[in-house]
>>> print(open('model22.cif').read())   # mmCIF, C-alpha atoms
data_start
#
loop_
_atom_site.label_atom_id
_atom_site.label_comp_id
_atom_site.auth_asym_id
_atom_site.auth_seq_id
_atom_site.Cartn_x
_atom_site.Cartn_y
_atom_site.Cartn_z
CA MET Y 1386 45.48 106.08 71.22
CA SER Y 1387 48.36 104.88 69.06
CA PRO Y 1388 51.66 104.00 70.68
CA LYS Y 1389 54.75 106.01 69.92
CA ARG Y 1390 56.78 104.95 66.91
CA VAL Y 1391 59.20 102.30 68.09
CA VAL Y 1392 62.45 101.18 66.52
CA LEU Y 1393 62.27 97.43 66.84
CA THR Y 1394 65.93 96.55 66.43
CA HIS Y 1395 67.27 97.43 69.88
CA PRO Y 1396 65.17 97.44 73.05
CA PRO Y 1397 66.06 99.94 75.77
CA LYS Y 1398 68.24 98.71 78.62
CA PRO Y 1399 67.99 97.50 81.34
CA PRO Y 1400 65.28 94.91 80.57
CA ASP Y 1401 63.40 95.60 83.82
CA SER Y 1402 63.07 99.37 83.19
CA PRO Y 1403 59.74 101.13 82.49
CA GLU Y 1404 61.10 102.09 79.06
CA PHE Y 1405 61.65 98.42 78.21
CA TYR Y 1406 58.09 97.48 79.18
CA GLY Y 1407 56.72 100.42 77.15
CA TRP Y 1408 58.78 99.23 74.18
CA LEU Y 1409 57.47 95.69 74.65
CA ASP Y 1410 53.83 96.89 74.79
CA ALA Y 1411 54.34 98.94 71.62
CA LEU Y 1412 55.90 95.95 69.88
CA LYS Y 1413 53.00 93.71 70.91
CA TYR Y 1414 50.49 96.32 69.65
CA ARG Y 1415 52.23 96.53 66.27
CA VAL Y 1416 52.41 92.76 65.84
CA GLU Y 1417 48.77 92.20 66.87
CA ASN Y 1418 47.41 95.07 64.74
CA THR Y 1419 49.21 94.55 61.47
CA ILE Y 1420 46.65 94.48 58.67
CA GLN Y 1421 47.13 91.57 56.31
CA SER Y 1422 45.20 90.52 53.24
CA PHE Y 1423 45.02 87.91 50.54
CA MET Y 1424 43.08 87.25 47.34
CA VAL Y 1425 41.42 83.94 46.49
CA TYR Y 1426 40.83 83.32 42.80
CA PRO Y 1427 37.75 81.47 41.52
CA SER Y 1428 38.09 77.71 41.33
CA ARG Y 1429 37.57 76.14 37.93
CA LEU Y 1430 34.60 74.11 39.20
CA GLY Y 1431 31.89 76.69 38.54
CA THR Y 1432 29.44 76.62 35.64
CA GLY Y 1433 30.91 79.70 33.95
CA SER Y 1434 34.09 79.59 31.94
CA ALA Y 1435 37.71 80.61 32.40
CA SER Y 1436 38.42 83.89 30.67
CA LEU Y 1437 40.74 86.85 30.40
CA HIS Y 1438 39.48 90.43 30.67
CA GLY Y 1439 42.22 92.93 29.94
CA GLN Y 1440 45.14 91.40 31.82
CA HIS Y 1441 42.88 89.91 34.51
CA SER Y 1442 42.37 86.18 34.82
CA ALA Y 1443 38.68 85.76 35.63
CA TRP Y 1444 35.67 83.46 35.66
CA LEU Y 1445 33.10 84.58 33.08
CA LEU Y 1446 29.44 84.38 34.09
CA ASN Y 1447 26.97 85.21 31.31
CA ASN Y 1448 23.87 83.16 32.01
CA THR Y 1449 21.45 83.10 34.89
CA THR Y 1450 22.33 80.44 37.49
CA GLU Y 1451 25.99 80.28 36.51
CA THR Y 1452 28.25 79.97 39.53
CA GLY Y 1453 31.76 80.65 40.75
CA TYR Y 1454 33.41 79.11 43.82
CA PHE Y 1455 36.11 80.16 46.29
CA GLU Y 1456 37.83 77.96 48.87
CA PHE Y 1457 40.20 79.03 51.66
CA VAL Y 1458 41.14 78.62 55.32
CA ILE Y 1459 40.71 81.40 57.91
CA PRO Y 1460 44.34 82.18 58.84
CA TYR Y 1461 45.44 80.93 62.25
CA THR Y 1462 46.83 84.42 62.98
CA THR Y 1463 43.42 86.12 62.56
CA ASN Y 1464 42.37 88.35 65.47
CA GLU Y 1465 39.64 90.24 63.60
CA ILE Y 1466 38.16 90.04 60.11
CA LYS Y 1467 38.19 93.58 58.71
CA GLU Y 1468 36.76 93.19 55.20
CA VAL Y 1469 35.67 90.47 52.80
CA GLY Y 1470 34.56 91.27 49.26
CA ILE Y 1471 33.97 89.60 45.93
CA ARG Y 1472 35.48 91.54 43.04
CA VAL Y 1473 33.73 91.67 39.68
CA ILE Y 1474 33.97 93.52 36.37
CA GLY Y 1475 30.84 94.29 34.37
CA THR Y 1476 31.15 94.22 30.58
CA THR Y 1477 28.46 96.87 30.11
CA THR Y 1478 26.78 99.20 32.56
CA GLY Y 1479 23.67 97.67 34.08
CA THR Y 1480 22.44 95.69 37.07
CA ILE Y 1481 22.78 92.13 38.23
CA ALA Y 1482 21.05 89.91 40.76
CA TYR Y 1483 23.04 87.39 42.77
CA THR Y 1484 23.09 85.08 45.77
CA ILE Y 1485 26.17 84.32 47.85
CA ASP Y 1486 26.21 81.22 50.05
CA LEU Y 1487 28.98 79.98 52.27
CA SER Y 1488 29.61 76.97 54.44
CA TYR Y 1489 32.43 76.53 56.92
CA GLY Y 1490 33.74 74.39 59.70
CA PRO Y 1491 36.85 73.06 61.41
CA VAL Y 1492 38.88 70.04 60.40
CA GLY Y 1493 36.98 67.04 61.74
CA GLY Y 1494 33.67 68.94 61.67
CA ASP Y 1495 30.68 68.63 59.35
CA GLU Y 1496 31.52 70.53 56.15
CA ASN Y 1497 28.03 71.99 55.90
CA ALA Y 1498 27.03 72.38 59.56
CA SER Y 1499 27.53 76.16 59.57
CA THR Y 1500 26.16 78.28 56.73
CA GLN Y 1501 25.51 81.91 55.86
CA THR Y 1502 23.75 83.51 52.87
CA THR Y 1503 23.04 86.93 51.42
CA GLY Y 1504 19.74 85.65 50.11
CA ALA Y 1505 18.74 87.00 46.70
CA VAL Y 1506 20.21 90.46 46.08
CA THR Y 1507 18.74 92.37 43.14
CA GLY Y 1508 19.60 95.64 41.47
CA TYR Y 1509 23.36 95.63 42.13
CA SER Y 1510 24.84 98.16 39.69
CA VAL Y 1511 27.88 97.28 37.64
CA THR Y 1512 29.76 99.72 35.40
CA ASP Y 1513 31.39 98.89 32.09
CA ASP Y 1514 35.01 97.74 32.60
CA ARG Y 1515 35.19 98.87 36.26
CA ILE Y 1516 36.53 96.66 39.04
CA GLN Y 1517 33.89 96.64 41.76
CA GLU Y 1518 33.68 94.89 45.11
CA ILE Y 1519 30.58 93.30 46.60
CA ASN Y 1520 31.05 93.57 50.36
CA ILE Y 1521 30.24 90.30 52.14
CA THR Y 1522 31.91 91.05 55.48
CA SER Y 1523 28.56 90.63 57.25
CA LEU Y 1524 28.64 86.89 56.41
CA PHE Y 1525 31.84 86.46 58.44
CA THR Y 1526 30.59 86.80 62.01
CA ASP Y 1527 31.27 83.49 63.76
CA GLN Y 1528 34.02 81.70 61.86
CA ASN Y 1529 37.08 80.58 63.79
CA ARG Y 1530 40.78 80.46 63.05
CA GLY Y 1531 41.52 77.44 60.90
CA ASP Y 1532 37.96 77.01 59.61
CA GLN Y 1533 37.69 75.73 56.05
CA VAL Y 1534 35.42 78.13 54.11
CA GLY Y 1535 33.63 77.49 50.83
CA VAL Y 1536 31.88 80.39 49.05
CA GLU Y 1537 29.45 80.07 46.15
CA PHE Y 1538 28.56 83.10 44.00
CA THR Y 1539 25.45 82.49 41.86
CA LEU Y 1540 24.44 84.91 39.13
CA ASP Y 1541 20.64 85.10 39.43
CA GLY Y 1542 19.93 87.64 36.72
CA LEU Y 1543 21.31 90.23 34.31
CA THR Y 1544 19.58 93.50 33.41
CA THR Y 1545 21.02 95.64 30.63
CA THR Y 1546 24.39 93.96 31.07
CA THR Y 1547 25.24 90.73 29.34
CA GLU Y 1548 27.97 89.22 31.51
CA ILE Y 1549 30.29 89.75 34.45
CA TYR Y 1550 33.81 88.64 35.16
CA LEU Y 1551 34.36 87.16 38.61
CA LEU Y 1552 37.90 88.22 39.64
CA GLY Y 1553 38.28 86.90 43.16
CA LEU Y 1554 37.53 87.11 46.85
CA PHE Y 1555 39.49 89.69 48.85
CA PHE Y 1556 40.08 88.95 52.57
CA LYS Y 1557 41.55 91.55 54.96
CA TYR Y 1558 42.25 90.83 58.63
CA ILE Y 1559 44.43 91.66 61.62
#
>>> encode(input="model22.cif", output="structure tokens")
Amino acid sequence: MSPKRVVLTHPPKPPDSPEFYGWLDALKYRVENTIQSFMVYPSRLGTGSASLHGQHSAWLLNNTTETGYFEFVIPYTTNEIKEVGIRVIGTTTGTIAYTIDLSYGPVGGDENASTQTTGAVTGYSVTDDRIQEINITSLFTDQNRGDQVGVEFTLDGLTTTTEIYLLGLFFKYI
């Protein structure tokens, strides 16, 4: 059940009235359930190459075992991770195989103590010049606020497509 729409500029008076507490609960609900998102662009440390596709800055992967990397911190305001995806553009319609590995941990912790992987994924369809998102939300099950996260995307194979552009990692949370 969603709370009633609340004007946040002026709380009802007096402050000890039931209306005030209802207003306060609605305000708390809105603050705690505001969806936020950010995009992390590939670092320039991968084995692909920096490129431009259309007006999109990207990391070009065109050989098997080429990699792209993403690095970010889980926001301290995170209550729930809603969606995490890696966005790609295929240059021709076909399929790719890939592996996504991540490691994470808190400041002061071992940088590789906690890991997750998709394992080898084959037969992922890409379409010529279409932005697509590979959903990796399932890899984000036990990270904590403030954890440093490193993600490696490895292109394991190309079938009937010659290259992909790695656009970024999309992170949505409340």
>>> residues_around(input="model22.cif", residues="Glu1451 (chain Y)", least_positions_apart="5", cutoff="8 Å", atoms="all atoms listed in the file", output="list in words")
Gly1431, Thr1432, Gly1433, Leu1446, Thr1539, Leu1540 and Asp1541 of chain Y
>>> write_last_selection(input="model22.cif", atoms="C-alpha atoms", output="mmCIF file, in the frame of the given file")
data_model
loop_
_atom_site.group_PDB
_atom_site.id
_atom_site.type_symbol
_atom_site.label_atom_id
_atom_site.label_comp_id
_atom_site.auth_asym_id
_atom_site.auth_seq_id
_atom_site.Cartn_x
_atom_site.Cartn_y
_atom_site.Cartn_z
ATOM 1 C CA GLY Y 1431 31.890 76.690 38.540
ATOM 2 C CA THR Y 1432 29.440 76.620 35.640
ATOM 3 C CA GLY Y 1433 30.910 79.700 33.950
ATOM 4 C CA LEU Y 1446 29.440 84.380 34.090
ATOM 5 C CA THR Y 1539 25.450 82.490 41.860
ATOM 6 C CA LEU Y 1540 24.440 84.910 39.130
ATOM 7 C CA ASP Y 1541 20.640 85.100 39.430
#
>>> residues_around(input="model22.cif", residues="Gln1528 (chain Y)", least_positions_apart="4", cutoff="12 Å", atoms="only C-alpha atoms", output="PyMOL selection string")
chain Y and resi 1458-1461+1463-1466+1487-1491+1498-1501+1522-1524+1532-1535
>>> resolve_selection(input="model22.cif", expression="the PyMOL selection byres ((chain Y and resi 1519) around 8)", output="number ranges by chain")
Y: 1470-1473, 1517-1518, 1520-1521
>>> resolve_selection(input="model22.cif", expression="the PyMOL selection byres ((chain Y and resi 1504) around 8)", output="list in words")
Thr1484, Ile1485, Asp1486, Thr1502, Thr1503, Ala1505 and Val1506 of chain Y
>>> atom_distance(input="model22.cif", atom1="CA of Ser1510 (chain Y)", atom2="CA of Ile1481 (chain Y)")
6.5 Å
>>> closest_residue(input="model22.cif", among="Y:Phe1525, Y:Phe1538, Y:Phe1457, Y:Tyr1550", to="Thr1477 (chain Y)", atoms="only C-alpha atoms")
Y:Tyr1550
>>> resolve_selection(input="model22.cif", expression="the PyMOL selection byres ((chain Y and resi 1428) around 10)", output="PyMOL selection string")
chain Y and resi 1425-1427+1429-1431+1435+1443-1444+1453-1456+1553
>>> atom_distance(input="model22.cif", atom1="CA of Leu1554 (chain Y)", atom2="CA of Thr1526 (chain Y)")
16.7 Å
>>> atom_distance(input="model22.cif", atom1="CA of Thr1547 (chain Y)", atom2="CA of His1441 (chain Y)")
18.4 Å
>>> residues_around(input="model22.cif", residues="Asp1513 (chain Y)", least_positions_apart="2", cutoff="6 Å", atoms="all atoms listed in the file", output="PyMOL selection string")
chain Y and resi 1475-1478+1515
>>> closest_residue(input="model22.cif", among="Y:Thr1452, Y:Gly1407, Y:Gly1508, Y:Lys1557", to="Val1536 (chain Y)", atoms="all atoms listed in the file")
Y:Thr1452
>>> residues_around(input="model22.cif", residues="Gln1421 (chain Y)", least_positions_apart="6", cutoff="9 Å", atoms="only C-alpha atoms", output="PyMOL selection string")
chain Y and resi 1556-1559
>>> closest_residue(input="model22.cif", among="Y:Leu1552, Y:Ile1420, Y:Ala1482, Y:Val1511", to="Thr1450 (chain Y)", atoms="only C-alpha atoms")
Y:Ala1482
>>> closest_residue(input="model22.cif", among="Y:Thr1449, Y:Asp1495, Y:Glu1468, Y:Ile1474", to="Ile1516 (chain Y)", atoms="all atoms listed in the file")
Y:Ile1474
>>> closest_residue(input="model22.cif", among="Y:Tyr1509, Y:Gly1531, Y:Leu1551, Y:Lys1467", to="Gly1494 (chain Y)", atoms="all atoms listed in the file")
Y:Gly1531
>>> build_atoms(input="model22.cif", residues="region 1461-1492 of chain Y", atoms="N, CA and C atoms", output="compact mmCIF listing (two decimals), in the frame of the given file")
# COMPACT_ATOMS: atom_id res chain seq x y z
N TYR Y 1461 45.30 81.19 60.81
CA TYR Y 1461 45.44 80.93 62.25
C TYR Y 1461 45.87 82.17 63.01
N THR Y 1462 46.39 83.17 62.33
CA THR Y 1462 46.83 84.42 62.98
C THR Y 1462 45.73 85.47 63.03
N THR Y 1463 44.51 85.15 62.62
CA THR Y 1463 43.42 86.12 62.56
C THR Y 1463 42.95 86.51 63.96
N ASN Y 1464 42.97 87.82 64.24
CA ASN Y 1464 42.37 88.35 65.47
C ASN Y 1464 41.01 88.98 65.18
N GLU Y 1465 40.88 89.57 63.98
CA GLU Y 1465 39.64 90.24 63.60
C GLU Y 1465 39.56 90.27 62.08
N ILE Y 1466 38.38 89.93 61.55
CA ILE Y 1466 38.16 90.04 60.11
C ILE Y 1466 37.71 91.47 59.83
N LYS Y 1467 38.45 92.17 58.99
CA LYS Y 1467 38.19 93.58 58.71
C LYS Y 1467 37.29 93.78 57.49
N GLU Y 1468 37.51 92.99 56.44
CA GLU Y 1468 36.76 93.19 55.20
C GLU Y 1468 36.84 91.93 54.35
N VAL Y 1469 35.71 91.56 53.76
CA VAL Y 1469 35.67 90.47 52.80
C VAL Y 1469 34.80 90.95 51.64
N GLY Y 1470 35.31 90.82 50.43
CA GLY Y 1470 34.56 91.27 49.26
C GLY Y 1470 34.81 90.39 48.06
N ILE Y 1471 33.82 90.31 47.19
CA ILE Y 1471 33.97 89.60 45.93
C ILE Y 1471 34.11 90.65 44.83
N ARG Y 1472 35.19 90.55 44.08
CA ARG Y 1472 35.48 91.54 43.04
C ARG Y 1472 34.99 91.06 41.68
N VAL Y 1473 34.30 91.97 40.99
CA VAL Y 1473 33.73 91.67 39.68
C VAL Y 1473 34.02 92.81 38.71
N ILE Y 1474 33.92 92.50 37.42
CA ILE Y 1474 33.97 93.52 36.37
C ILE Y 1474 32.75 93.31 35.49
N GLY Y 1475 31.96 94.36 35.30
CA GLY Y 1475 30.84 94.29 34.37
C GLY Y 1475 31.32 94.60 32.96
N THR Y 1476 30.72 93.96 31.96
CA THR Y 1476 31.15 94.22 30.58
C THR Y 1476 30.38 95.38 29.96
N THR Y 1477 29.21 95.67 30.48
CA THR Y 1477 28.46 96.87 30.11
C THR Y 1477 27.80 97.38 31.38
N THR Y 1478 27.44 98.63 31.39
CA THR Y 1478 26.78 99.20 32.56
C THR Y 1478 25.37 98.65 32.67
N GLY Y 1479 25.00 98.22 33.85
CA GLY Y 1479 23.67 97.67 34.08
C GLY Y 1479 23.55 97.17 35.50
N THR Y 1480 22.63 96.25 35.73
CA THR Y 1480 22.44 95.69 37.07
C THR Y 1480 22.44 94.17 36.99
N ILE Y 1481 22.80 93.59 38.11
CA ILE Y 1481 22.78 92.13 38.23
C ILE Y 1481 22.03 91.75 39.50
N ALA Y 1482 21.61 90.51 39.55
CA ALA Y 1482 21.05 89.91 40.76
C ALA Y 1482 21.93 88.72 41.09
N TYR Y 1483 22.15 88.49 42.38
CA TYR Y 1483 23.04 87.39 42.77
C TYR Y 1483 22.65 86.86 44.14
N THR Y 1484 23.18 85.68 44.44
CA THR Y 1484 23.09 85.08 45.77
C THR Y 1484 24.48 84.58 46.13
N ILE Y 1485 24.89 84.82 47.37
CA ILE Y 1485 26.17 84.32 47.85
C ILE Y 1485 25.90 83.43 49.06
N ASP Y 1486 26.37 82.18 48.96
CA ASP Y 1486 26.21 81.22 50.05
C ASP Y 1486 27.59 80.77 50.50
N LEU Y 1487 27.73 80.55 51.80
CA LEU Y 1487 28.98 79.98 52.27
C LEU Y 1487 28.72 78.95 53.34
N SER Y 1488 29.63 77.98 53.38
CA SER Y 1488 29.61 76.97 54.44
C SER Y 1488 31.02 76.90 54.99
N TYR Y 1489 31.11 76.52 56.27
CA TYR Y 1489 32.43 76.53 56.92
C TYR Y 1489 32.42 75.62 58.13
N GLY Y 1490 33.61 75.23 58.51
CA GLY Y 1490 33.74 74.39 59.70
C GLY Y 1490 35.19 74.00 59.91
N PRO Y 1491 35.49 73.46 61.09
CA PRO Y 1491 36.85 73.06 61.41
C PRO Y 1491 37.19 71.69 60.82
N VAL Y 1492 38.45 71.39 60.78
CA VAL Y 1492 38.88 70.04 60.40
C VAL Y 1492 38.25 69.07 61.39
